[in-house]
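Below is target32.cif, holding mmCIF, C-alpha atoms.
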data_start
loop_
_atom_site.label_atom_id
_atom_site.label_comp_id
_atom_site.auth_asym_id
_atom_site.auth_seq_id
_atom_site.Cartn_x
_atom_site.Cartn_y
_atom_site.Cartn_z
CA MET A 1 -80.91 17.33 14.32
CA LYS A 2 -80.91 13.67 15.41
CA LEU A 3 -79.75 12.60 11.94
CA PHE A 4 -76.89 15.13 12.10
CA LYS A 5 -75.71 13.75 15.46
CA ILE A 6 -75.72 10.18 14.10
CA GLN A 7 -73.62 11.19 11.07
CA THR A 8 -71.14 13.04 13.28
CA LEU A 9 -70.84 10.00 15.53
CA TRP A 10 -70.13 7.71 12.57
CA GLN A 11 -67.47 10.10 11.23
CA ALA A 12 -65.71 10.21 14.59
CA LEU A 13 -65.82 6.43 14.82
CA PHE A 14 -64.34 6.08 11.34
CA VAL A 15 -61.44 8.40 12.18
CA LEU A 16 -60.78 6.46 15.40
CA LEU A 17 -60.71 3.13 13.54
CA ALA A 18 -58.37 4.56 10.92
CA VAL A 19 -55.94 5.77 13.57
CA MET A 20 -56.09 2.43 15.35
CA GLY A 21 -55.48 0.65 12.06
CA LEU A 22 -52.39 2.73 11.36
CA ALA A 23 -51.05 2.22 14.87
CA SER A 24 -51.41 -1.54 14.59
CA CYS A 25 -50.57 -1.96 10.92
CA ASP A 26 -47.93 -4.59 11.60
CA ASP A 27 -50.59 -6.77 13.26
CA ALA A 28 -53.51 -6.09 10.94
CA ILE A 29 -54.14 -8.14 7.81
CA TYR A 30 -56.66 -7.07 5.22
CA ASP A 31 -58.07 -9.46 2.65
CA TYR A 32 -57.48 -6.98 -0.17
CA GLU A 33 -54.07 -5.59 0.98
CA GLY A 34 -52.23 -8.43 2.73
CA ASP A 35 -49.52 -7.81 5.36
CA CYS A 36 -48.66 -4.11 5.49
CA SER A 37 -45.13 -4.62 6.91
CA VAL A 38 -42.21 -3.29 4.85
CA THR A 39 -39.66 -5.40 2.93
CA TYR A 40 -36.20 -3.85 2.71
CA ARG A 41 -33.87 -4.82 -0.12
CA VAL A 42 -30.25 -4.14 -1.08
CA ARG A 43 -28.83 -4.11 -4.60
CA PHE A 44 -25.23 -4.49 -5.75
CA SER A 45 -23.19 -2.99 -8.57
CA TYR A 46 -19.75 -3.50 -10.04
CA ASP A 47 -18.96 -0.60 -12.33
CA LEU A 48 -15.54 0.26 -10.87
CA ASN A 49 -13.83 -1.18 -13.93
CA MET A 50 -12.22 0.04 -17.13
CA ARG A 51 -15.43 -0.57 -19.09
CA TRP A 52 -17.34 1.92 -16.92
CA ALA A 53 -20.30 -0.48 -17.00
CA ASP A 54 -22.09 -2.50 -14.33
CA GLU A 55 -20.74 -6.06 -14.64
CA PHE A 56 -22.15 -7.44 -11.40
CA ALA A 57 -24.36 -10.00 -13.15
CA LYS A 58 -21.48 -11.06 -15.41
CA GLN A 59 -18.64 -11.40 -12.92
CA VAL A 60 -19.96 -11.94 -9.38
CA LYS A 61 -20.86 -15.55 -8.59
CA SER A 62 -21.59 -15.35 -4.85
CA VAL A 63 -22.55 -12.69 -2.29
CA ARG A 64 -22.03 -12.63 1.47
CA LEU A 65 -23.62 -9.61 3.13
CA TYR A 66 -23.19 -8.63 6.79
CA ALA A 67 -25.22 -6.04 8.74
CA PHE A 68 -23.86 -4.44 11.92
CA ASP A 69 -25.61 -2.13 14.38
CA SER A 70 -24.23 1.18 15.65
CA SER A 71 -22.05 -0.62 18.21
CA GLY A 72 -20.38 -2.78 15.54
CA LYS A 73 -22.21 -5.94 16.55
CA LEU A 74 -23.37 -8.37 13.87
CA VAL A 75 -27.17 -8.45 13.72
CA TRP A 76 -27.68 -10.35 10.46
CA SER A 77 -25.83 -12.02 7.59
CA GLY A 78 -26.99 -13.58 4.37
CA THR A 79 -25.54 -15.50 1.43
CA GLU A 80 -26.66 -15.92 -2.17
CA THR A 81 -25.03 -17.92 -4.96
CA GLY A 82 -25.80 -19.21 -8.38
CA GLU A 83 -28.15 -18.21 -11.13
CA ALA A 84 -30.14 -15.67 -9.12
CA LEU A 85 -27.21 -13.25 -9.19
CA SER A 86 -27.18 -13.10 -12.98
CA ARG A 87 -30.84 -12.11 -13.27
CA PRO A 88 -31.60 -8.47 -14.10
CA GLY A 89 -32.55 -6.40 -11.06
CA TYR A 90 -31.22 -8.84 -8.47
CA ALA A 91 -31.67 -7.63 -4.88
CA MET A 92 -31.11 -9.28 -1.49
CA GLU A 93 -33.77 -8.90 1.20
CA LEU A 94 -32.83 -7.49 4.60
CA PRO A 95 -35.09 -9.02 7.29
CA LEU A 96 -34.29 -6.28 9.79
CA PRO A 97 -36.31 -3.75 11.80
CA ALA A 98 -36.13 -0.08 10.97
CA GLY A 99 -32.88 1.57 12.00
CA ARG A 100 -29.37 2.38 10.81
CA TYR A 101 -26.84 -0.29 9.89
CA ASP A 102 -23.35 -0.70 8.47
CA LEU A 103 -23.35 -3.12 5.53
CA VAL A 104 -20.24 -5.05 4.42
CA ALA A 105 -20.15 -7.37 1.40
CA TRP A 106 -17.48 -9.91 0.53
CA CYS A 107 -18.25 -11.58 -2.79
CA GLY A 108 -16.54 -14.50 -4.51
CA GLY A 109 -13.11 -15.70 -3.42
CA GLU A 110 -14.20 -19.29 -2.76
CA GLY A 111 -11.25 -21.61 -2.24
CA SER A 112 -8.73 -18.77 -2.37
CA PHE A 113 -9.63 -16.60 0.64
CA ASP A 114 -10.81 -17.26 4.21
CA ILE A 115 -13.20 -14.95 6.09
CA ALA A 116 -12.44 -14.59 9.80
CA SER A 117 -9.93 -17.44 9.38
CA GLY A 118 -12.90 -19.75 9.06
CA GLY A 119 -14.23 -18.71 12.48
CA THR A 120 -17.38 -16.93 13.64
CA VAL A 121 -18.12 -13.30 12.82
CA ASN A 122 -19.58 -11.43 15.80
CA THR A 123 -18.28 -7.89 15.26
CA LEU A 124 -16.87 -5.73 12.49
CA ASP A 125 -13.35 -6.42 13.72
CA ASP A 126 -13.88 -10.15 13.11
CA LEU A 127 -14.55 -9.61 9.43
CA LEU A 128 -10.98 -10.07 8.22
CA VAL A 129 -10.12 -11.82 4.96
CA ARG A 130 -6.86 -13.70 4.40
CA MET A 131 -5.54 -15.11 1.16
CA ASN A 132 -4.59 -18.79 1.17
CA ARG A 133 -0.89 -19.39 0.51
CA GLN A 134 1.70 -22.18 0.51
CA THR A 135 5.04 -22.46 2.27
CA GLY A 136 8.07 -24.25 0.87
CA ASP A 137 11.84 -24.12 0.56
CA VAL A 138 11.52 -20.86 -1.38
CA GLY A 139 9.36 -19.21 1.31
CA THR A 140 5.70 -18.22 1.26
CA TYR A 141 4.12 -18.24 -2.18
CA SER A 142 0.91 -18.58 -4.18
CA ASP A 143 0.89 -20.29 -7.56
CA LYS A 144 -2.90 -20.38 -7.98
CA ASP A 145 -5.27 -18.50 -10.24
CA LEU A 146 -7.06 -16.88 -7.31
CA SER A 147 -10.84 -16.87 -7.39
CA PRO A 148 -12.07 -13.30 -8.07
CA LEU A 149 -12.71 -11.45 -4.79
CA PHE A 150 -14.94 -8.36 -4.47
CA HIS A 151 -15.53 -6.01 -1.55
CA GLY A 152 -18.17 -3.39 -0.80
CA MET A 153 -19.18 -1.35 2.25
CA LEU A 154 -21.82 1.26 3.14
CA ARG A 155 -21.97 3.12 6.45
CA GLN A 156 -25.14 4.15 8.27
CA VAL A 157 -27.70 2.79 5.82
CA GLU A 158 -31.14 3.86 6.97
CA LEU A 159 -34.09 1.48 6.96
CA PRO A 160 -37.03 3.90 7.35
CA ASP A 161 -39.99 3.19 9.59
CA VAL A 162 -42.68 2.76 6.94
CA TYR A 163 -45.10 -0.01 6.08
CA GLY A 164 -46.83 -1.76 3.30
CA THR A 165 -44.12 -1.57 0.65
CA VAL A 166 -41.02 -3.13 -0.90
CA MET A 167 -38.17 -0.67 -0.58
CA ASP A 168 -34.69 -0.72 -2.13
CA VAL A 169 -32.75 1.07 0.58
CA ALA A 170 -29.23 1.01 -0.89
CA THR A 171 -26.91 -0.17 -3.65
CA VAL A 172 -23.57 -1.55 -2.46
CA PRO A 173 -20.76 -0.64 -4.92
CA LEU A 174 -18.18 -3.41 -5.27
CA MET A 175 -14.47 -3.27 -5.97
CA LYS A 176 -12.47 -6.17 -7.36
CA ASN A 177 -9.37 -7.07 -5.37
CA THR A 178 -7.78 -9.79 -7.49
CA ASN A 179 -5.65 -9.04 -10.55
CA ARG A 180 -4.26 -11.17 -13.36
CA ILE A 181 -0.80 -10.15 -14.55
CA HIS A 182 0.60 -11.69 -17.73
CA VAL A 183 4.33 -11.23 -18.39
CA GLU A 184 5.45 -12.01 -21.93
CA LEU A 185 9.05 -12.46 -23.05
CA ARG A 186 9.93 -12.09 -26.74
CA HIS A 187 13.33 -12.62 -28.26
CA LYS A 188 14.19 -9.57 -30.34
CA ASP A 189 16.02 -11.67 -32.94
CA GLY A 190 13.25 -14.26 -33.23
CA ARG A 191 15.31 -17.04 -31.66
CA PRO A 192 13.44 -19.70 -29.66
CA LEU A 193 12.88 -19.07 -25.95
CA ASP A 194 12.50 -21.98 -23.54
CA PRO A 195 10.01 -21.17 -20.72
CA ASP A 196 11.89 -23.55 -18.41
CA LEU A 197 14.94 -21.27 -18.53
CA PHE A 198 13.20 -18.45 -16.63
CA VAL A 199 11.85 -18.09 -13.09
CA PHE A 200 9.08 -15.50 -12.57
CA GLY A 201 7.89 -13.93 -9.32
CA ILE A 202 5.84 -10.98 -8.03
CA THR A 203 6.38 -10.13 -4.36
CA ASP A 204 4.20 -8.07 -2.02
CA ALA A 205 2.65 -8.18 1.46
CA ASN A 206 -0.97 -7.79 0.34
CA GLY A 207 -2.68 -11.02 1.35
CA LYS A 208 -4.71 -9.82 4.37
CA MET A 209 -7.60 -7.30 4.30
CA ASN A 210 -9.59 -5.59 7.05
CA TYR A 211 -13.39 -5.24 7.01
CA ASP A 212 -13.02 -1.94 5.12
CA ASN A 213 -10.70 -3.55 2.53
CA SER A 214 -7.60 -1.77 3.81
CA LEU A 215 -4.46 -3.92 3.81
CA MET A 216 -3.29 -5.25 7.15
CA SER A 217 0.19 -6.25 8.25
CA ASP A 218 1.12 -9.50 6.52
CA GLU A 219 4.10 -11.57 5.47
CA THR A 220 5.58 -11.12 2.01
CA VAL A 221 4.06 -13.50 -0.52
CA CYS A 222 5.68 -14.45 -3.82
CA TYR A 223 3.11 -14.86 -6.58
CA ARG A 224 4.34 -17.49 -9.01
CA PRO A 225 2.97 -18.49 -12.42
CA TRP A 226 -0.04 -20.74 -12.60
CA GLN A 227 0.37 -20.90 -16.36
CA ASN A 228 3.19 -20.75 -18.92
CA ALA A 229 1.90 -20.63 -22.48
CA ARG A 230 2.66 -19.47 -25.99
CA PRO A 231 0.25 -17.07 -27.72
CA ASP A 232 1.15 -18.80 -30.98
CA GLU A 233 2.34 -22.39 -30.82
CA GLU A 234 4.22 -21.93 -34.10
CA ASP A 235 6.16 -18.93 -32.79
CA LEU A 236 8.80 -20.28 -30.42
CA SER A 237 10.40 -16.88 -29.86
CA ARG A 238 7.79 -15.76 -27.33
CA PHE A 239 5.85 -17.04 -24.33
CA TYR A 240 4.09 -15.59 -21.31
CA ALA A 241 3.69 -16.41 -17.63
CA SER A 242 0.38 -15.67 -15.85
CA MET A 243 0.16 -14.77 -12.15
CA THR A 244 -2.83 -13.69 -10.04
CA THR A 245 -2.26 -11.28 -7.15
CA GLY A 246 -4.19 -9.67 -4.33
CA ARG A 247 -5.14 -6.01 -4.13
CA LEU A 248 -2.77 -3.49 -5.75
CA MET A 249 -1.93 -0.33 -3.82
CA ALA A 250 -0.30 2.77 -5.29
CA ASP A 251 2.08 3.10 -2.33
CA SER A 252 3.19 -0.54 -2.17
CA ASP A 253 6.65 -1.91 -2.92
CA MET A 254 5.45 -4.71 -5.19
CA ARG A 255 8.26 -6.01 -7.40
CA LEU A 256 8.42 -8.13 -10.52
CA THR A 257 11.49 -10.32 -10.97
CA VAL A 258 12.55 -12.67 -13.73
CA LYS A 259 15.68 -14.78 -13.24
CA ASP A 260 17.74 -17.08 -15.41
CA ALA A 261 16.98 -20.57 -14.13
CA VAL A 262 20.45 -21.84 -15.12
CA THR A 263 22.75 -19.12 -13.80
CA GLY A 264 20.45 -17.49 -11.24
CA LYS A 265 21.25 -14.13 -12.81
CA VAL A 266 18.51 -11.51 -12.52
CA VAL A 267 17.04 -10.69 -15.93
CA ILE A 268 14.30 -8.28 -14.80
CA ASP A 269 13.79 -6.58 -11.43
CA LEU A 270 11.51 -3.55 -11.34
CA PRO A 271 8.96 -1.77 -9.11
CA LEU A 272 5.81 -3.15 -10.69
CA ILE A 273 3.25 -0.59 -9.49
CA GLU A 274 5.36 2.28 -10.80
CA TYR A 275 5.29 0.70 -14.26
CA LEU A 276 1.63 -0.39 -14.24
CA VAL A 277 0.30 3.11 -13.58
CA MET A 278 2.23 4.43 -16.59
CA ALA A 279 -0.40 2.77 -18.79
CA LYS A 280 -3.06 5.01 -17.22
CA GLU A 281 -1.99 7.77 -19.59
CA GLN A 282 -3.62 6.05 -22.56
CA TYR A 283 -7.09 6.75 -21.11
CA THR A 284 -8.81 10.11 -21.45
CA GLN A 285 -10.77 9.84 -18.20
CA PRO A 286 -8.99 11.63 -15.33
CA MET A 287 -8.24 9.36 -12.36
CA SER A 288 -5.69 8.94 -9.64
CA ASP A 289 -3.16 6.12 -9.64
CA GLN A 290 -5.16 4.31 -6.96
CA GLU A 291 -8.42 4.61 -8.87
CA TYR A 292 -6.73 3.16 -11.94
CA LEU A 293 -5.42 0.21 -9.92
CA ASN A 294 -8.89 -0.28 -8.42
CA ARG A 295 -10.52 -0.31 -11.85
CA GLU A 296 -8.06 -2.35 -13.90
CA ASP A 297 -7.98 -6.06 -13.14
CA GLU A 298 -5.83 -7.49 -15.95
CA TYR A 299 -2.39 -6.38 -17.08
CA TYR A 300 -0.24 -7.48 -20.02
CA LEU A 301 3.49 -6.72 -19.91
CA THR A 302 5.70 -7.52 -22.89
CA PHE A 303 9.50 -7.42 -22.67
CA TYR A 304 11.67 -7.66 -25.78
CA ILE A 305 14.95 -9.28 -24.79
CA GLU A 306 18.16 -10.31 -26.49
CA GLY A 307 21.30 -12.19 -25.54
CA GLY A 308 21.20 -15.62 -24.03
CA GLU A 309 23.98 -17.23 -26.06
CA ASP A 310 24.92 -20.71 -24.87
CA PRO A 311 27.85 -20.22 -22.46
CA ASP A 312 29.34 -23.57 -23.60
CA PRO A 313 28.28 -23.92 -27.21
CA ASP A 314 30.68 -26.84 -27.85
CA PRO A 315 30.69 -29.22 -24.87
CA ASP A 316 32.44 -31.89 -27.00
CA PRO A 317 35.48 -30.18 -28.59
CA ASP A 318 36.65 -31.22 -32.03
CA PRO A 319 39.40 -33.84 -32.06
CA ASP A 320 43.00 -32.95 -32.87
CA PRO A 321 42.92 -31.63 -36.47
CA ASP A 322 46.16 -33.52 -37.15
CA PRO A 323 45.73 -36.78 -35.30
CA ASP A 324 48.59 -39.25 -35.19
CA PRO A 325 46.97 -42.66 -35.25
CA ASP A 326 50.38 -44.35 -35.74
CA PRO A 327 52.76 -43.48 -32.90
CA ASP A 328 55.68 -44.70 -35.10
CA PRO A 329 55.07 -43.34 -38.62
CA ASP A 330 58.50 -44.57 -39.86
CA PRO A 331 58.94 -47.99 -38.34
CA ASP A 332 62.21 -49.85 -38.62
CA PRO A 333 61.90 -52.33 -41.52
CA ASP A 334 63.91 -54.71 -39.40
CA PRO A 335 62.67 -53.93 -35.96
CA ASP A 336 64.72 -54.94 -33.02
CA PRO A 337 62.45 -56.70 -30.56
CA ASP A 338 64.65 -55.43 -27.76
CA PRO A 339 65.73 -51.98 -28.87
CA ASP A 340 68.21 -50.02 -26.84
CA PRO A 341 66.57 -47.49 -24.58
CA ASP A 342 66.41 -43.92 -25.80
CA PRO A 343 69.70 -42.36 -24.78
CA ASP A 344 67.94 -39.03 -24.28
CA PRO A 345 64.44 -39.76 -22.97
CA ASP A 346 61.96 -36.92 -22.75
CA PRO A 347 59.73 -37.55 -19.76
CA ASP A 348 57.76 -34.43 -20.55
CA PRO A 349 56.09 -34.79 -23.99
CA ASP A 350 55.01 -31.14 -23.77
CA PRO A 351 58.10 -29.20 -22.70
CA ASP A 352 56.32 -25.83 -23.03
CA PRO A 353 52.83 -26.23 -21.56
CA ASP A 354 50.39 -23.34 -21.33
CA PRO A 355 51.46 -21.47 -18.19
CA ASP A 356 47.81 -20.58 -17.43
CA PRO A 357 45.53 -23.34 -18.67
CA ASP A 358 41.81 -22.58 -18.54
CA PRO A 359 39.83 -25.81 -18.75
CA ASP A 360 36.57 -23.92 -18.10
CA PRO A 361 36.53 -20.88 -20.39
CA ASP A 362 34.47 -17.88 -19.34
CA PRO A 363 30.92 -17.88 -20.68
CA ASP A 364 30.20 -15.86 -23.74
CA PRO A 365 29.42 -12.32 -22.57
CA ASP A 366 26.40 -12.38 -24.87
CA TYR A 367 24.86 -14.93 -22.52
CA ASN A 368 23.59 -12.03 -20.40
CA TRP A 369 19.99 -11.13 -21.14
CA TYR A 370 19.06 -7.58 -22.07
CA ILE A 371 15.80 -5.70 -22.34
CA ASN A 372 15.65 -4.19 -25.80
CA ALA A 373 13.06 -1.88 -27.39
CA GLY A 374 11.43 -1.07 -24.06
CA ILE A 375 8.30 -2.52 -22.48
CA PHE A 376 4.69 -2.72 -23.57
CA ILE A 377 2.08 -2.52 -20.79
CA ASN A 378 -1.51 -3.08 -21.95
CA SER A 379 -0.33 -2.06 -25.45
CA TRP A 380 1.22 1.15 -24.09
CA HIS A 381 4.87 1.45 -25.20
CA ILE A 382 7.32 2.48 -22.50
CA VAL A 383 10.75 3.26 -23.91
CA LEU A 384 13.81 2.33 -21.84
CA GLN A 385 17.51 2.50 -22.49
CA ASN A 386 19.08 -0.86 -23.31
CA THR A 387 19.90 -2.26 -19.90
CA ASP A 388 21.65 -5.37 -18.70
CA LEU A 389 19.34 -6.26 -15.82
#

Could you rewrite the structure in this file as structure tokens?
Amino acid sequence: MKLFKIQTLWQALFVLLAVMGLASCDDAIYDYEGDCSVTYRVRFSYDLNMRWADEFAKQVKSVRLYAFDSSGKLVWSGTETGEALSRPGYAMELPLPAGRYDLVAWCGGEGSFDIASGGTVNTLDDLLVRMNRQTGDVGTYSDKDLSPLFHGMLRQVELPDVYGTVMDVATVPLMKNTNRIHVELRHKDGRPLDPDLFVFGITDANGKMNYDNSLMSDETVCYRPWQNARPDEEDLSRFYASMTTGRLMADSDMRLTVKDAVTGKVVIDLPLIEYLVMAKEQYTQPMSDQEYLNREDEYYLTFYIEGGEDPDPDPDPDPDPDPDPDPDPDPDPDPDPDPDPDPDPDPDPDPDPDPDPDPDPDPDPDYNWYINAGIFINSWHIVLQNTDL
């Protein structure tokens, strides 16, 4: 009986110690287990692309992650750059207590975008991103190859109250905001095209984003080429201009214009978004226009054009086909040094001048540029009627 009481006492003591150990796990350290506190981690993915594959390790070069509590107050932020992001299974640790948090990630964009206008982030509403731009005689513009910018956000991410483990609590899906747009001009007849004879521009008011990546009110920015190049240096009949823009929205009024640098005449002026989403039809996966714009990040537009004859092909007209180098072709063999004046002088050597002289003839009508054979967008042929734009 005494032995039974001793065993019962030891069992009760063991249960009590176990309960106390669980209650104070955060403060207890065991030689064979180590610290039993939990480590929360967050992963990232970038599969919202036209490859339908996670390209986070390939494309994202820096990560800035912000955690906000239920009142929208910033409680933690962290940054990671460099080689660590390209390693398989990369995850960022969240040194936060258990609870629910809103997570916002802005990745990349260095040198091209400012977060909170370079100020301090204290709340969600501070987490605005603005594209850098220049101002000149032609207005507000950007002629830079913008650094790729990515955004991701998760609401109410739960960090559970557990201990003694490493826990991946969430994966933040990223979306790429920046887009490269290459506009190629080809002469239909194979004649040389001079890149300096054309002025390219893409206009939109899409240079300012809220914390949730929605576009905010902004001034109109003209995206200008950061590169003019020829795909084939031996083929002078074609060249392309490359521009990098901010986020594309299906309901925006973004426009592409190409003008003649000499005459100022508009060669191309079209609603760009309306044309870009036409290329969506070549894919079998069903998606909305906005999803397509979110996934695609590089566009190739090819315009076949004709016209462009020199408006003044002969700036130095040919001389008189029947010149008269000798004003007196039949001189008097015995000239009189003081001849009598002409009894009937003709003060007007041209008695019947052109009643409507035109020293500056009208330019050749063929000087106007035309789109011919339609447009190719990402290899998708869009047929248009021949149009003098």

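Across the model, the gap from CA of Ala229 in chain A to CA of Pro195 in chain A is 8.3 Å.
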
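With all atoms listed in the file as the atoms that count, the residue of A:Asp69, A:Glu110, A:Asp145, A:Glu80 with the shortest distance to Pro97 in chain A is A:Asp69.
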
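Between Trp76 in chain A and the candidates A:Thr123, A:Gly136, A:Phe44, A:Gly108, the tightest atom-to-atom separation, counting all atoms listed in the file, involves A:Thr123.
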
Result set, the PyMOL selection byres ((chain A and resi 277) around 12) on current file, as a PyMOL selection string | chain A and resi 248-251+271-276+278-283+287-296+299+377-378+380+382

Save out the residues we just selected, C-alpha atoms, as a PDB file, in the frame of the given file.
ATOM      1  CA  LEU A 248      -2.770  -3.490  -5.750  1.00  0.00           C
ATOM      2  CA  MET A 249      -1.930  -0.330  -3.820  1.00  0.00           C
ATOM      3  CA  ALA A 250      -0.300   2.770  -5.290  1.00  0.00           C
ATOM      4  CA  ASP A 251       2.080   3.100  -2.330  1.00  0.00           C
ATOM      5  CA  PRO A 271       8.960  -1.770  -9.110  1.00  0.00           C
ATOM      6  CA  LEU A 272       5.810  -3.150 -10.690  1.00  0.00           C
ATOM      7  CA  ILE A 273       3.250  -0.590  -9.490  1.00  0.00           C
ATOM      8  CA  GLU A 274       5.360   2.280 -10.800  1.00  0.00           C
ATOM      9  CA  TYR A 275       5.290   0.700 -14.260  1.00  0.00           C
ATOM     10  CA  LEU A 276       1.630  -0.390 -14.240  1.00  0.00           C
ATOM     11  CA  MET A 278       2.230   4.430 -16.590  1.00  0.00           C
ATOM     12  CA  ALA A 279      -0.400   2.770 -18.790  1.00  0.00           C
ATOM     13  CA  LYS A 280      -3.060   5.010 -17.220  1.00  0.00           C
ATOM     14  CA  GLU A 281      -1.990   7.770 -19.590  1.00  0.00           C
ATOM     15  CA  GLN A 282      -3.620   6.050 -22.560  1.00  0.00           C
ATOM     16  CA  TYR A 283      -7.090   6.750 -21.110  1.00  0.00           C
ATOM     17  CA  MET A 287      -8.240   9.360 -12.360  1.00  0.00           C
ATOM     18  CA  SER A 288      -5.690   8.940  -9.640  1.00  0.00           C
ATOM     19  CA  ASP A 289      -3.160   6.120  -9.640  1.00  0.00           C
ATOM     20  CA  GLN A 290      -5.160   4.310  -6.960  1.00  0.00           C
ATOM     21  CA  GLU A 291      -8.420   4.610  -8.870  1.00  0.00           C
ATOM     22  CA  TYR A 292      -6.730   3.160 -11.940  1.00  0.00           C
ATOM     23  CA  LEU A 293      -5.420   0.210  -9.920  1.00  0.00           C
ATOM     24  CA  ASN A 294      -8.890  -0.280  -8.420  1.00  0.00           C
ATOM     25  CA  ARG A 295     -10.520  -0.310 -11.850  1.00  0.00           C
ATOM     26  CA  GLU A 296      -8.060  -2.350 -13.900  1.00  0.00           C
ATOM     27  CA  TYR A 299      -2.390  -6.380 -17.080  1.00  0.00           C
ATOM     28  CA  ILE A 377       2.080  -2.520 -20.790  1.00  0.00           C
ATOM     29  CA  ASN A 378      -1.510  -3.080 -21.950  1.00  0.00           C
ATOM     30  CA  TRP A 380       1.220   1.150 -24.090  1.00  0.00           C
ATOM     31  CA  ILE A 382       7.320   2.480 -22.500  1.00  0.00           C
TER      32      ILE A 382
END

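The point (-7.4, -16.3, -2.3) has these residues within 9 Å of it, counting only C-alpha atoms: A:Gly109, A:Glu110, A:Gly111, A:Ser112, A:Phe113, A:Asp114, A:Val129, A:Arg130, A:Met131, A:Asn132, A:Arg133, A:Ser142, A:Lys144, A:Asp145, A:Leu146, A:Ser147, A:Pro148, A:Leu149, A:Thr178, A:Gly207, A:Thr245, A:Gly246.
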
In Å and to one decimal, CA of Ala91 in chain A is distant from CA of Trp52 in chain A by 21.0 Å

Please write the residues picked by the PyMOL selection byres ((chain A and resi 90) around 12) on this file as a VMD selection string.
-> chain A and resid 41 to 45 56 to 57 60 63 80 to 89 91 to 93 168 171

Answer key for the PyMOL selection byres ((chain A and resi 102) around 10), residues as a JSON list (two decimals) with C-alpha atoms, in the coordinates of the input:
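Resulting contents of selection22.json:
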[["chain", "number", "residue", "atom", "x", "y", "z"],
["A", 66, "TYR", "CA", -23.19, -8.63, 6.79],
["A", 67, "ALA", "CA", -25.22, -6.04, 8.74],
["A", 68, "PHE", "CA", -23.86, -4.44, 11.92],
["A", 69, "ASP", "CA", -25.61, -2.13, 14.38],
["A", 70, "SER", "CA", -24.23, 1.18, 15.65],
["A", 71, "SER", "CA", -22.05, -0.62, 18.21],
["A", 72, "GLY", "CA", -20.38, -2.78, 15.54],
["A", 73, "LYS", "CA", -22.21, -5.94, 16.55],
["A", 74, "LEU", "CA", -23.37, -8.37, 13.87],
["A", 100, "ARG", "CA", -29.37, 2.38, 10.81],
["A", 101, "TYR", "CA", -26.84, -0.29, 9.89],
["A", 103, "LEU", "CA", -23.35, -3.12, 5.53],
["A", 104, "VAL", "CA", -20.24, -5.05, 4.42],
["A", 124, "LEU", "CA", -16.87, -5.73, 12.49],
["A", 153, "MET", "CA", -19.18, -1.35, 2.25],
["A", 154, "LEU", "CA", -21.82, 1.26, 3.14],
["A", 155, "ARG", "CA", -21.97, 3.12, 6.45],
["A", 156, "GLN", "CA", -25.14, 4.15, 8.27],
["A", 157, "VAL", "CA", -27.70, 2.79, 5.82],
["A", 158, "GLU", "CA", -31.14, 3.86, 6.97]]

Take the point (8.1, -23.2, -20.4) in the file's coordinates, draw a sphere of radius 9 Å around it, and report as a list in words every protein, DNA or RNA residue with an atom inside or on it, counting only C-alpha atoms.
-> Leu193, Asp194, Pro195, Asp196, Leu197, Phe198, Asn228, Ala229, Arg230, Phe239, Tyr240 and Ala241 of chain A

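Those residues that approach Pro192 in chain A to within 8 Å, counting all atoms listed in the file, are His187, Asp235, Leu236, Ser237 and Arg238 of chain A; same-chain residues fewer than 3 positions away are not listed.
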
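Nearest residue to Pro95 in chain A, choosing from A:Ile305, A:Val166, A:Thr120, A:Phe150 and counting all atoms listed in the file: A:Val166.
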
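Across the model, the gap from CA of Ala205 in chain A to CA of Thr220 in chain A is 4.2 Å.
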
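Of the residues under consideration (A:Ala98, A:Met209, A:Ser62, A:Met50), A:Met209 shows the shortest atom-to-atom contact distance to Ser117 in chain A when counting all atoms listed in the file.
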
Using only C-alpha atoms, pick whichever of A:Tyr40, A:Thr263, A:Asp143, A:Tyr46 has the shortest atom-to-atom distance to Gly164 in chain A.
-> A:Tyr40
